[in-house]
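Engineer: If it helps, the file is called start_29.cif and holds mmCIF, C-alpha atoms:
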```cif
data_entry
#
loop_
_atom_site.label_atom_id
_atom_site.label_comp_id
_atom_site.auth_asym_id
_atom_site.auth_seq_id
_atom_site.Cartn_x
_atom_site.Cartn_y
_atom_site.Cartn_z
CA MET C 1 0.00 0.00 0.00
CA SER C 2 1.28 3.50 -0.79
CA GLU C 3 1.83 5.95 2.07
CA THR C 4 0.03 8.58 0.00
CA PRO C 5 -3.53 9.07 1.33
CA ILE C 6 -5.95 7.19 -0.87
CA ARG C 7 -9.71 7.29 -1.16
CA LEU C 8 -11.63 4.46 0.46
CA PRO C 9 -14.01 2.63 -1.87
CA ASP C 10 -17.50 4.13 -2.00
CA ALA C 11 -20.83 2.53 -2.85
CA ALA C 12 -21.63 4.81 -5.80
CA THR C 13 -18.40 3.95 -7.60
CA VAL C 14 -18.85 0.25 -6.82
CA ASP C 15 -22.32 0.37 -8.36
CA THR C 16 -20.84 1.99 -11.48
CA VAL C 17 -18.19 -0.71 -11.73
CA LEU C 18 -20.77 -3.47 -11.36
CA ALA C 19 -23.04 -1.91 -13.98
CA GLY C 20 -20.13 -1.83 -16.43
CA LEU C 21 -19.35 -5.54 -16.25
CA GLU C 22 -20.20 -7.62 -19.31
CA PRO C 23 -22.20 -10.72 -18.33
CA ALA C 24 -20.04 -13.04 -20.40
CA SER C 25 -16.91 -12.11 -18.44
CA ALA C 26 -18.37 -10.66 -15.22
CA ASP C 27 -17.04 -13.40 -12.96
CA ALA C 28 -13.47 -13.09 -14.18
CA ASP C 29 -13.55 -9.30 -14.45
CA LEU C 30 -15.09 -8.50 -11.05
CA ALA C 31 -11.95 -8.34 -8.88
CA PRO C 32 -9.74 -6.65 -11.53
CA ALA C 33 -12.44 -4.05 -12.26
CA LEU C 34 -12.82 -3.18 -8.59
CA SER C 35 -9.06 -2.95 -8.16
CA ALA C 36 -8.76 -0.69 -11.21
CA ALA C 37 -11.52 1.60 -9.95
CA PHE C 38 -9.79 2.14 -6.60
CA PRO C 39 -6.05 2.67 -7.05
CA GLY C 40 -4.10 1.35 -4.09
CA PHE C 41 -6.56 -1.46 -3.38
CA THR C 42 -6.26 -5.06 -4.49
CA PHE C 43 -9.57 -6.91 -4.34
CA SER C 44 -10.19 -10.60 -4.00
CA THR C 45 -13.58 -12.27 -4.28
CA VAL C 46 -15.14 -15.43 -2.90
CA PRO C 47 -18.60 -16.95 -3.52
CA VAL C 48 -20.59 -18.50 -0.67
CA ASP C 49 -23.46 -20.96 -0.62
CA ASP C 50 -26.36 -18.58 -0.07
CA PHE C 51 -29.03 -19.12 -2.73
CA TYR C 52 -31.90 -16.62 -2.95
CA TRP C 53 -34.42 -15.15 -5.36
CA ARG C 54 -35.86 -11.67 -5.62
CA GLY C 55 -39.57 -10.86 -5.64
CA ALA C 56 -38.96 -7.57 -7.44
CA ASP C 57 -38.35 -7.09 -11.18
CA ARG C 58 -40.27 -10.13 -12.39
CA THR C 59 -41.20 -9.94 -16.07
CA VAL C 60 -44.02 -11.54 -18.09
CA ILE C 61 -42.70 -13.44 -21.12
CA GLY C 62 -44.93 -14.24 -24.11
CA PRO C 63 -45.05 -17.64 -25.89
CA GLU C 64 -42.62 -16.36 -28.53
CA GLY C 65 -40.24 -14.90 -25.96
CA ALA C 66 -41.40 -11.27 -26.10
CA ARG C 67 -41.20 -9.31 -22.85
CA LEU C 68 -44.68 -8.06 -21.95
CA GLY C 69 -43.88 -5.94 -18.92
CA ASP C 70 -43.64 -6.12 -15.16
CA TYR C 71 -45.27 -9.22 -13.71
CA ASP C 72 -46.97 -7.56 -10.71
CA ALA C 73 -48.34 -4.73 -12.85
CA TRP C 74 -49.58 -7.22 -15.42
CA VAL C 75 -51.41 -9.32 -12.79
CA LYS C 76 -53.10 -6.21 -11.35
CA SER C 77 -54.17 -5.02 -14.79
CA GLU C 78 -55.54 -8.41 -15.83
CA LEU C 79 -57.47 -8.83 -12.58
CA ALA C 80 -58.89 -5.32 -12.84
CA ALA C 81 -60.11 -6.03 -16.37
CA LEU C 82 -61.90 -9.14 -15.07
CA GLY C 83 -63.41 -7.41 -12.08
CA GLY C 84 -61.17 -9.37 -9.73
CA ASP C 85 -62.60 -12.74 -10.82
CA LEU C 86 -59.80 -15.16 -9.87
CA ALA C 87 -61.46 -18.22 -11.42
CA THR C 88 -61.76 -16.53 -14.83
CA PHE C 89 -58.19 -15.18 -14.55
CA TRP C 90 -56.86 -18.67 -13.84
CA ASP C 91 -58.92 -20.34 -16.58
CA ARG C 92 -57.74 -17.76 -19.12
CA HIS C 93 -54.02 -18.04 -18.37
CA ARG C 94 -53.31 -21.61 -17.23
CA ASP C 95 -52.89 -22.76 -20.86
CA SER C 96 -51.94 -19.41 -22.37
CA GLY C 97 -48.23 -20.15 -22.68
CA LEU C 98 -47.40 -16.98 -20.74
CA LYS C 99 -44.49 -17.35 -18.34
CA PHE C 100 -42.59 -15.11 -15.98
CA ALA C 101 -38.91 -14.44 -15.47
CA GLU C 102 -37.24 -13.65 -12.16
CA TRP C 103 -33.78 -13.00 -10.77
CA ARG C 104 -32.05 -15.66 -8.70
CA GLY C 105 -28.69 -15.35 -7.08
CA SER C 106 -26.08 -16.30 -4.54
CA ALA C 107 -23.84 -14.28 -2.26
CA VAL C 108 -20.35 -13.14 -3.14
CA PHE C 109 -17.95 -11.24 -0.90
CA ALA C 110 -15.12 -9.01 -2.05
CA PHE C 111 -12.26 -7.88 0.18
CA ALA C 112 -9.37 -5.46 -0.07
CA PRO C 113 -6.76 -4.79 2.64
CA THR C 114 -6.31 -1.20 3.82
CA GLY C 115 -3.38 -1.80 6.15
CA PRO C 116 -1.50 -4.43 8.13
CA GLY C 117 -3.93 -4.81 11.05
CA VAL C 118 -6.36 -7.69 11.40
CA ALA C 119 -9.35 -5.35 10.87
CA ASP C 120 -7.71 -3.23 8.20
CA PHE C 121 -9.83 -4.18 5.21
CA VAL C 122 -13.00 -3.31 3.35
CA GLN C 123 -15.71 -5.86 2.68
CA LEU C 124 -18.24 -5.72 -0.14
CA SER C 125 -21.37 -7.89 0.19
CA LEU C 126 -22.61 -8.67 -3.30
CA GLY C 127 -25.24 -10.73 -5.01
CA ARG C 128 -24.41 -12.61 -8.21
CA GLU C 129 -27.69 -12.90 -10.09
CA ILE C 130 -29.03 -14.51 -13.23
CA GLU C 131 -32.46 -13.97 -14.79
CA VAL C 132 -34.26 -17.25 -15.43
CA LEU C 133 -37.50 -18.28 -17.12
CA ALA C 134 -39.13 -19.42 -13.90
CA GLY C 135 -42.42 -20.94 -15.08
CA PRO C 136 -46.07 -20.25 -15.98
CA VAL C 137 -47.79 -17.08 -14.76
CA VAL C 138 -50.32 -19.16 -12.81
CA ASP C 139 -50.22 -22.53 -11.11
CA PRO C 140 -51.47 -24.84 -13.88
CA ASP C 141 -52.85 -27.35 -11.36
CA HIS C 142 -54.50 -25.18 -8.70
CA ALA C 143 -56.64 -22.07 -8.99
CA PRO C 144 -55.58 -19.18 -6.71
CA TYR C 145 -57.72 -18.80 -3.59
CA ARG C 146 -56.59 -15.23 -2.84
CA ASP C 147 -55.25 -12.58 -5.19
CA TYR C 148 -52.12 -12.04 -3.08
CA THR C 149 -50.97 -15.62 -3.81
CA LEU C 150 -50.41 -14.55 -7.42
CA PHE C 151 -47.73 -12.10 -6.26
CA GLU C 152 -45.81 -14.86 -4.45
CA PRO C 153 -45.60 -17.51 -7.17
CA ASP C 154 -44.63 -20.61 -5.21
CA TRP C 155 -45.64 -23.12 -7.88
CA VAL C 156 -42.22 -23.00 -9.53
CA ARG C 157 -39.13 -24.89 -8.40
CA ARG C 158 -36.41 -22.77 -6.82
CA ASP C 159 -33.08 -24.22 -5.78
CA PRO C 160 -29.43 -23.88 -6.77
CA VAL C 161 -29.57 -26.82 -9.19
CA SER C 162 -32.81 -25.84 -10.91
CA GLN C 163 -32.75 -26.32 -14.68
CA ALA C 164 -34.70 -23.11 -15.42
CA PRO C 165 -33.48 -21.57 -18.71
CA VAL C 166 -31.17 -18.57 -18.21
CA LEU C 167 -32.30 -15.42 -20.00
CA SER C 168 -29.62 -12.95 -18.92
CA GLY C 169 -26.74 -12.38 -16.55
CA PRO C 170 -24.83 -12.93 -14.47
CA ILE C 171 -24.89 -9.44 -13.06
CA TYR C 172 -23.59 -8.27 -9.69
CA ARG C 173 -25.47 -6.12 -7.22
CA LEU C 174 -24.13 -4.41 -4.10
CA LYS C 175 -26.17 -5.12 -0.99
CA GLN C 176 -28.09 -1.93 -0.25
CA ARG C 177 -27.50 -1.79 3.51
CA ASN C 178 -23.97 -2.41 4.78
CA GLY C 179 -22.95 -3.64 1.38
CA LEU C 180 -19.64 -1.83 1.83
CA VAL C 181 -17.96 -1.60 5.21
CA HIS C 182 -14.53 -0.71 6.53
CA MET C 183 -14.12 -3.34 9.21
CA ARG C 184 -12.01 -1.30 11.61
CA SER C 185 -14.63 1.45 11.57
CA LEU C 186 -17.43 -1.07 12.09
CA LEU C 187 -15.69 -2.59 15.11
CA ALA C 188 -15.13 0.86 16.59
CA ALA C 189 -18.84 1.58 16.16
CA CYS C 190 -19.76 -1.74 17.85
CA GLN C 191 -17.64 -0.88 20.88
CA ARG C 192 -18.85 2.73 21.02
CA LEU C 193 -22.53 1.78 20.88
CA GLU C 194 -22.07 -0.81 23.63
CA ARG C 195 -20.22 1.68 25.82
CA GLU C 196 -22.81 4.42 25.29
CA ASP C 197 -25.65 2.02 26.07
CA ARG C 198 -24.04 0.91 29.33
CA GLU C 199 -23.10 4.43 30.37
CA ALA C 200 -26.71 5.50 29.85
CA GLN C 201 -27.65 2.85 32.44
CA ARG C 202 -24.99 3.88 34.97
CA PRO C 203 -27.31 5.47 37.58
CA GLU C 204 -29.58 2.43 37.57
CA ILE C 205 -26.70 -0.08 37.62
CA GLU C 206 -24.85 1.70 40.42
CA ALA C 207 -28.02 1.66 42.53
CA ARG C 208 -28.91 -1.96 41.74
CA VAL C 209 -28.54 -4.55 44.50
CA ILE C 210 -28.77 -8.33 44.56
CA HIS C 211 -30.87 -9.79 47.38
CA GLU C 212 -29.12 -12.83 48.81
CA VAL C 213 -30.90 -15.14 51.21
CA GLY C 214 -29.35 -18.05 53.11
CA PRO C 215 -30.30 -20.34 56.00
CA ASP C 216 -29.23 -17.78 58.57
CA TYR C 217 -28.71 -14.52 56.69
CA LYS C 218 -30.26 -11.93 54.44
CA ARG C 219 -28.15 -9.33 52.75
CA LYS C 220 -28.06 -6.88 49.89
CA THR C 221 -24.98 -6.92 47.70
CA PRO C 222 -24.29 -4.17 45.16
CA PHE C 223 -24.65 -5.49 41.64
CA LEU C 224 -21.27 -4.05 40.65
CA SER C 225 -19.54 -5.92 43.47
CA LEU C 226 -20.60 -9.16 41.80
CA ASN C 227 -20.07 -7.81 38.27
CA PRO C 228 -17.06 -5.47 38.50
CA GLY C 229 -16.40 -5.50 34.76
CA TRP C 230 -19.92 -4.57 33.71
CA PHE C 231 -18.94 -1.16 32.29
CA ASP C 232 -15.90 -2.65 30.51
CA PHE C 233 -17.87 -5.21 28.51
CA VAL C 234 -16.37 -5.99 25.10
CA PRO C 235 -18.82 -7.06 22.35
CA ARG C 236 -18.30 -10.50 20.88
CA GLU C 237 -17.57 -8.94 17.48
CA ASN C 238 -14.57 -7.09 18.91
CA ARG C 239 -13.41 -10.13 20.88
CA PHE C 240 -13.47 -12.30 17.74
CA PHE C 241 -11.02 -9.95 16.01
CA ALA C 242 -8.90 -9.41 19.13
CA ASP C 243 -8.62 -13.17 19.68
CA TRP C 244 -7.58 -13.66 16.08
CA GLU C 245 -4.89 -11.00 16.41
CA ARG C 246 -3.33 -12.54 19.53
CA SER C 247 -3.57 -16.17 18.41
CA SER C 248 -1.66 -18.36 15.96
CA ALA C 249 -4.38 -17.64 13.38
CA ALA C 250 -2.88 -14.15 12.95
CA THR C 251 -0.42 -15.62 10.46
CA ALA C 252 -3.28 -15.40 7.92
CA ARG C 253 -5.55 -12.56 6.84
CA ILE C 254 -8.90 -13.02 8.53
CA PHE C 255 -10.85 -12.36 5.34
CA ASP C 256 -9.14 -15.31 3.66
CA HIS C 257 -11.11 -17.52 6.06
CA TRP C 258 -14.17 -15.54 7.17
CA ALA C 259 -16.80 -13.22 5.75
CA PHE C 260 -19.18 -11.21 7.91
CA ASP C 261 -22.97 -10.96 7.65
CA ILE C 262 -23.69 -7.52 9.09
CA SER C 263 -26.93 -6.51 10.81
CA ASP C 264 -27.60 -2.80 11.33
CA TYR C 265 -31.04 -1.54 12.35
CA GLU C 266 -32.90 0.61 14.88
CA GLU C 267 -34.94 -0.78 17.75
CA ARG C 268 -36.75 1.52 20.17
CA GLY C 269 -34.71 4.45 18.89
CA GLN C 270 -31.36 2.71 19.43
CA ARG C 271 -29.00 1.49 16.75
CA GLN C 272 -28.32 -2.26 16.85
CA LEU C 273 -25.08 -3.20 15.09
CA SER C 274 -23.62 -6.71 14.94
CA PHE C 275 -22.37 -9.39 12.61
CA ILE C 276 -22.33 -13.16 12.24
CA PRO C 277 -19.02 -14.56 10.96
CA ARG C 278 -19.33 -16.97 8.03
CA PRO C 279 -16.57 -19.53 7.50
CA LEU C 280 -15.18 -19.61 3.97
CA LYS C 281 -13.28 -22.86 4.61
CA MET C 282 -15.08 -25.59 6.51
CA PRO C 283 -14.17 -29.07 7.69
CA ALA C 284 -15.92 -32.03 6.14
CA GLU C 285 -17.48 -33.09 9.45
CA ARG C 286 -18.66 -31.42 12.64
CA LEU C 287 -16.79 -32.02 15.87
CA LEU C 288 -19.27 -32.70 18.65
CA ALA C 289 -18.59 -33.15 22.34
CA ASP C 290 -18.83 -36.72 23.62
CA GLU C 291 -18.37 -37.74 27.22
CA ASP C 292 -16.66 -40.96 26.11
CA VAL C 293 -13.98 -39.16 24.06
CA SER C 294 -10.80 -38.27 25.93
CA VAL C 295 -9.27 -34.81 25.80
CA HIS C 296 -6.28 -36.33 24.00
CA ARG C 297 -8.58 -37.61 21.27
CA LEU C 298 -10.17 -34.15 21.05
CA MET C 299 -6.70 -32.67 20.58
CA GLU C 300 -6.16 -35.02 17.63
CA ARG C 301 -9.48 -33.96 16.16
CA ILE C 302 -8.83 -30.22 16.44
CA GLU C 303 -5.38 -30.64 14.92
CA ALA C 304 -7.00 -32.47 12.00
CA ILE C 305 -9.45 -29.59 11.55
CA ASP C 306 -6.63 -27.05 11.50
CA ALA C 307 -4.82 -29.09 8.86
CA GLU C 308 -7.98 -29.53 6.81
CA VAL C 309 -8.67 -25.79 6.54
CA SER C 310 -4.96 -24.86 6.46
CA LEU C 311 -5.05 -22.52 9.43
CA PRO C 312 -3.57 -22.86 12.94
CA PHE C 313 -6.17 -22.53 15.72
CA ALA C 314 -8.96 -22.59 13.13
CA TRP C 315 -11.01 -24.91 15.32
CA PHE C 316 -11.37 -22.22 18.00
CA PHE C 317 -13.00 -19.70 15.67
CA LEU C 318 -15.21 -22.39 14.15
CA MET C 319 -16.24 -23.12 17.75
CA THR C 320 -17.24 -19.52 18.46
CA HIS C 321 -19.39 -19.70 15.34
CA GLY C 322 -21.14 -22.53 17.14
CA HIS C 323 -21.86 -24.98 14.33
CA TRP C 324 -18.74 -26.81 13.17
CA VAL C 325 -17.15 -27.34 16.59
CA ASP C 326 -19.24 -27.86 19.74
CA PRO C 327 -18.40 -25.23 22.41
CA ASP C 328 -18.16 -28.06 24.96
CA VAL C 329 -15.06 -29.20 23.07
CA GLY C 330 -13.42 -25.91 23.98
CA GLU C 331 -14.48 -26.30 27.60
CA ALA C 332 -12.98 -29.80 27.75
CA ILE C 333 -9.67 -28.69 26.24
CA ALA C 334 -9.49 -25.66 28.53
CA GLU C 335 -9.98 -27.96 31.51
CA GLY C 336 -7.23 -30.20 30.15
CA LEU C 337 -4.92 -27.20 29.86
CA ARG C 338 -5.56 -26.15 33.45
CA ALA C 339 -4.93 -29.70 34.64
CA GLY C 340 -1.71 -29.96 32.63
CA ARG C 341 -2.93 -32.96 30.63
CA VAL C 342 -2.65 -31.28 27.22
CA SER C 343 -0.89 -28.26 25.78
CA LEU C 344 -1.36 -25.58 23.15
CA PRO C 345 0.96 -22.82 22.00
CA ASP C 346 1.06 -20.22 24.78
CA ARG C 347 -0.80 -17.56 22.80
CA ASP C 348 -3.59 -19.97 21.85
CA ALA C 349 -3.85 -21.38 25.36
CA ALA C 350 -4.31 -17.85 26.73
CA VAL C 351 -7.12 -17.15 24.25
CA LEU C 352 -8.92 -20.41 25.02
CA VAL C 353 -8.65 -20.08 28.81
CA ASP C 354 -9.95 -16.49 28.64
CA TRP C 355 -12.83 -17.66 26.46
CA ALA C 356 -13.70 -20.48 28.87
CA ALA C 357 -13.82 -17.97 31.73
CA ASN C 358 -16.04 -15.60 29.75
CA ARG C 359 -17.66 -17.34 26.81
CA TYR C 360 -18.97 -15.71 23.66
CA LEU C 361 -20.73 -17.41 20.76
CA PHE C 362 -22.39 -16.29 17.54
#
```
Could you write out this structure as structure tokens?
Structural biologist:
Amino acid sequence: MSETPIRLPDAATVDTVLAGLEPASADADLAPALSAAFPGFTFSTVPVDDFYWRGADRTVIGPEGARLGDYDAWVKSELAALGGDLATFWDRHRDSGLKFAEWRGSAVFAFAPTGPGVADFVQLSLGREIEVLAGPVVDPDHAPYRDYTLFEPDWVRRDPVSQAPVLSGPIYRLKQRNGLVHMRSLLAACQRLEREDREAQRPEIEARVIHEVGPDYKRKTPFLSLNPGWFDFVPRENRFFADWERSSAATARIFDHWAFDISDYEERGQRQLSFIPRPLKMPAERLLADEDVSVHRLMERIEAIDAEVSLPFAWFFLMTHGHWVDPDVGEAIAEGLRAGRVSLPDRDAAVLVDWAANRYLF
């Protein structure tokens, strides 16, 4: 990276780049086009298994392939002309040869480093979409029982291996909300929002007491005496990155192994900002806790996972994700570390023991 200040990628320019891609070469051209648009940045891209379809921009297609306009508008116009008579609408169009096209896609992430730190990168959340000839404009076997069912055509097959004819694409779209984020800035916002929320509760928290009752005593204990770190809470998002930075995993760029599904919305006037990490490299099998499996056997299994995804300490971050490695595996290994029965590199052992004392999961 040059030391000369450079402009961070912006959504408007990304949209322009995406609109300029030719469908025939869009997949190959995506990363080079983004890199060319933002001097000083080198983008990489990775697809993920996240099939979806869009309800907007459906098009009615005539028997000869002519485009007859927007599907929703066409349905409304046809129903209006028939006085809303669903039976007549269905009888007229179930053998008409009219079909509709819709856009179906899957998720793609693009990344570019902005510096040497673990969170020094930008992430683009994209959709790679193709337009397909989905099926007939009405269910040929069942008449609609409500007009709104026509606007949610569920009589066509939708899945990643569907053989629906492709009409156009692929095209790329930038996710409208949080489609482009600078990760260091996002983490700073996560920590700031958490701190502001807890500070706003300070008078109540400082006055809160816990009522403790025993066989021969009753007492009130200040909440903060039992929870001294309450105002220093670190969100799980920040801990995930901090743990990566101080572990053996730091030998690799985090975005080579993880993408981040970001949630950003308002609830009761307060901004809620978080993410769910998505593994880009996954083991073939899940590692579940089993009381009959020794901690030494678990160590063999986690080493196999690390080798499989080509990343030291990968199993730990897969565990915080909660699906590929059972959190009880981490608890068992942490107990083995404390008892001196197994060992990990010092930096990884410190991360695991801290996690076991104060768990976080996604």
Engineer: Let me know the residues the PyMOL selection byres ((chain C and resi 166) around 12) catches in the file above, as a list in words.
Structural biologist: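 Here the PyMOL selection byres ((chain C and resi 166) around 12) matches Pro23, Ala101, Glu102, Trp103, Arg104, Gly105, Glu129, Ile130, Glu131, Val132, Leu133, Ala134, Gly135, Ser162, Gln163, Ala164, Pro165, Leu167, Ser168, Gly169 and Pro170 of chain C.
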Engineer: Written as a list in words, which residues does the PyMOL selection byres ((chain C and resi 46) around 6) give for the file shown?
Structural biologist: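 Written out, the selection comes to Thr45, Pro47, Val108 and Phe109 of chain C.
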Engineer: I need the residue set behind the PyMOL selection byres ((chain C and resi 191) around 9) for this file; please write it as a list of chain:residue names.
Structural biologist: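 Checking the PyMOL selection byres ((chain C and resi 191) around 9) against this file, the residues are C:Leu186, C:Leu187, C:Ala188, C:Ala189, C:Cys190, C:Arg192, C:Leu193, C:Glu194, C:Arg195, C:Glu196, C:Phe233, C:Val234, C:Pro235, C:Glu237, C:Asn238.
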Engineer: Could those residues be written to a file, using C-alpha atoms, as a short mmCIF file (atom, residue, chain, number, x, y, z; two decimals), in the frame of the given file?
Structural biologist:
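To be explicit, this is the file written out as again13.cif:
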```
data_model
loop_
_atom_site.label_atom_id
_atom_site.label_comp_id
_atom_site.auth_asym_id
_atom_site.auth_seq_id
_atom_site.Cartn_x
_atom_site.Cartn_y
_atom_site.Cartn_z
CA LEU C 186 -17.43 -1.07 12.09
CA LEU C 187 -15.69 -2.59 15.11
CA ALA C 188 -15.13 0.86 16.59
CA ALA C 189 -18.84 1.58 16.16
CA CYS C 190 -19.76 -1.74 17.85
CA ARG C 192 -18.85 2.73 21.02
CA LEU C 193 -22.53 1.78 20.88
CA GLU C 194 -22.07 -0.81 23.63
CA ARG C 195 -20.22 1.68 25.82
CA GLU C 196 -22.81 4.42 25.29
CA PHE C 233 -17.87 -5.21 28.51
CA VAL C 234 -16.37 -5.99 25.10
CA PRO C 235 -18.82 -7.06 22.35
CA GLU C 237 -17.57 -8.94 17.48
CA ASN C 238 -14.57 -7.09 18.91
#
```
Engineer: Which residues are close to segment 250-266 of chain C, i.e. within 10 Å by all atoms listed in the file, leaving aside same-chain residues fewer than 3 positions away? Reply as a PDB file with C-alpha atoms, in the coordinates of the input.
Structural biologist:
```pdb
ATOM      1  CA  SER C  44     -10.190 -10.600  -4.000  1.00  0.00           C
ATOM      2  CA  THR C  45     -13.580 -12.270  -4.280  1.00  0.00           C
ATOM      3  CA  VAL C  46     -15.140 -15.430  -2.900  1.00  0.00           C
ATOM      4  CA  VAL C  48     -20.590 -18.500  -0.670  1.00  0.00           C
ATOM      5  CA  VAL C 108     -20.350 -13.140  -3.140  1.00  0.00           C
ATOM      6  CA  PHE C 109     -17.950 -11.240  -0.900  1.00  0.00           C
ATOM      7  CA  ALA C 110     -15.120  -9.010  -2.050  1.00  0.00           C
ATOM      8  CA  PHE C 111     -12.260  -7.880   0.180  1.00  0.00           C
ATOM      9  CA  ALA C 112      -9.370  -5.460  -0.070  1.00  0.00           C
ATOM     10  CA  PRO C 113      -6.760  -4.790   2.640  1.00  0.00           C
ATOM     11  CA  PRO C 116      -1.500  -4.430   8.130  1.00  0.00           C
ATOM     12  CA  GLY C 117      -3.930  -4.810  11.050  1.00  0.00           C
ATOM     13  CA  VAL C 118      -6.360  -7.690  11.400  1.00  0.00           C
ATOM     14  CA  ALA C 119      -9.350  -5.350  10.870  1.00  0.00           C
ATOM     15  CA  ASP C 120      -7.710  -3.230   8.200  1.00  0.00           C
ATOM     16  CA  PHE C 121      -9.830  -4.180   5.210  1.00  0.00           C
ATOM     17  CA  VAL C 122     -13.000  -3.310   3.350  1.00  0.00           C
ATOM     18  CA  GLN C 123     -15.710  -5.860   2.680  1.00  0.00           C
ATOM     19  CA  LEU C 124     -18.240  -5.720  -0.140  1.00  0.00           C
ATOM     20  CA  SER C 125     -21.370  -7.890   0.190  1.00  0.00           C
ATOM     21  CA  ARG C 177     -27.500  -1.790   3.510  1.00  0.00           C
ATOM     22  CA  ASN C 178     -23.970  -2.410   4.780  1.00  0.00           C
ATOM     23  CA  GLY C 179     -22.950  -3.640   1.380  1.00  0.00           C
ATOM     24  CA  VAL C 181     -17.960  -1.600   5.210  1.00  0.00           C
ATOM     25  CA  MET C 183     -14.120  -3.340   9.210  1.00  0.00           C
ATOM     26  CA  LEU C 186     -17.430  -1.070  12.090  1.00  0.00           C
ATOM     27  CA  GLU C 237     -17.570  -8.940  17.480  1.00  0.00           C
ATOM     28  CA  PHE C 241     -11.020  -9.950  16.010  1.00  0.00           C
ATOM     29  CA  ALA C 242      -8.900  -9.410  19.130  1.00  0.00           C
ATOM     30  CA  ASP C 243      -8.620 -13.170  19.680  1.00  0.00           C
ATOM     31  CA  TRP C 244      -7.580 -13.660  16.080  1.00  0.00           C
ATOM     32  CA  GLU C 245      -4.890 -11.000  16.410  1.00  0.00           C
ATOM     33  CA  ARG C 246      -3.330 -12.540  19.530  1.00  0.00           C
ATOM     34  CA  SER C 247      -3.570 -16.170  18.410  1.00  0.00           C
ATOM     35  CA  GLY C 269     -34.710   4.450  18.890  1.00  0.00           C
ATOM     36  CA  GLN C 270     -31.360   2.710  19.430  1.00  0.00           C
ATOM     37  CA  ARG C 271     -29.000   1.490  16.750  1.00  0.00           C
ATOM     38  CA  GLN C 272     -28.320  -2.260  16.850  1.00  0.00           C
ATOM     39  CA  LEU C 273     -25.080  -3.200  15.090  1.00  0.00           C
ATOM     40  CA  SER C 274     -23.620  -6.710  14.940  1.00  0.00           C
ATOM     41  CA  PHE C 275     -22.370  -9.390  12.610  1.00  0.00           C
ATOM     42  CA  ILE C 276     -22.330 -13.160  12.240  1.00  0.00           C
ATOM     43  CA  PRO C 277     -19.020 -14.560  10.960  1.00  0.00           C
ATOM     44  CA  ARG C 278     -19.330 -16.970   8.030  1.00  0.00           C
ATOM     45  CA  PRO C 279     -16.570 -19.530   7.500  1.00  0.00           C
ATOM     46  CA  LEU C 280     -15.180 -19.610   3.970  1.00  0.00           C
ATOM     47  CA  LYS C 281     -13.280 -22.860   4.610  1.00  0.00           C
ATOM     48  CA  MET C 282     -15.080 -25.590   6.510  1.00  0.00           C
ATOM     49  CA  VAL C 309      -8.670 -25.790   6.540  1.00  0.00           C
ATOM     50  CA  SER C 310      -4.960 -24.860   6.460  1.00  0.00           C
ATOM     51  CA  LEU C 311      -5.050 -22.520   9.430  1.00  0.00           C
ATOM     52  CA  PRO C 312      -3.570 -22.860  12.940  1.00  0.00           C
ATOM     53  CA  PHE C 313      -6.170 -22.530  15.720  1.00  0.00           C
ATOM     54  CA  ALA C 314      -8.960 -22.590  13.130  1.00  0.00           C
ATOM     55  CA  PHE C 317     -13.000 -19.700  15.670  1.00  0.00           C
ATOM     56  CA  LEU C 318     -15.210 -22.390  14.150  1.00  0.00           C
TER      57      LEU C 318
END
```
Engineer: Calculate how many Å separate atom CA of Val325 of chain C from atom CA of Leu288 of chain C, rounding to one decimal.
Structural biologist: 6.1 Å
Engineer: Between C:Phe316, C:Trp324, C:Tyr172, C:Trp155, which one has atoms that come closest to Thr16 of chain C, using all atoms listed in the file?
Structural biologist: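 Of C:Phe316, C:Trp324, C:Tyr172, C:Trp155, the one nearest Thr16 of chain C is C:Tyr172, counting all atoms listed in the file.
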Engineer: Could you tell me how far atom CA of Phe89 of chain C lies from atom CA of Asp159 of chain C, in Å and to one decimal?
Structural biologist: 28.1 Å
Engineer: Can you work out the spacing between atom CA of Arg301 of chain C and atom CA of Arg359 of chain C in Å, to one decimal?
Structural biologist: 21.4 Å
Engineer: Determine the nearest neighbour of Asp15 of chain C from the options C:Lys175, C:Gly69, C:Arg158, C:Ala81, counting only C-alpha atoms.
Structural biologist: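 That would be C:Lys175, the residue with the smallest distance to Asp15 of chain C.
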Engineer: Between C:Ala26, C:Val295, C:Val209, C:Met319, which one has atoms that come closest to Gly340 of chain C, using only C-alpha atoms?
Structural biologist: C:Val295
Engineer: Point out the residue among C:Gly65, C:Pro283, C:Gly229, C:Gly115 with the least atom-to-atom distance to Ile205 of chain C, counting all atoms listed in the file.
Structural biologist: C:Gly229
Engineer: Quick one: of C:Glu212, C:Phe38, C:Glu78, C:Phe223, who's nearest to Thr13 of chain C, counting all atoms listed in the file?
Structural biologist: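 Counting all atoms listed in the file, the residue closest to Thr13 of chain C is C:Phe38.
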Engineer: Select all residues near (-47.7, -16.8, -19.6) (cut-off 9 Å, inclusive, file coordinates), counting all atoms listed in the file, and output them as a ChimeraX atom specification.
Structural biologist: /C:60-63,93-100,135-138
Engineer: Excluding same-chain residues fewer than 3 positions from Gly336 of chain C, what lies within 12 Å of it counting all atoms listed in the file, as number ranges by chain?
Structural biologist: C: 294-299, 329-333, 339-344, 349, 352-353, 356
Engineer: Padding 5 Å on each side, edges along x, y and z: where is the centre of the box around the listed atoms of segment 342-356 of chain C, and how long are its edges in Å to one decimal? Output it as lines of an AutoDock Vina configuration file.
Structural biologist:
```
center_x = -6.3
center_y = -23.9
center_z = 25.4
size_x = 24.8
size_y = 24.8
size_z = 17.0
```
Engineer: Name the closest residue to Phe362 of chain C among the candidates C:Arg7, C:Arg58, C:Arg239, C:Arg338; distances are taken between atoms, counting all atoms listed in the file.
Structural biologist: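 Closest candidate: C:Arg239.
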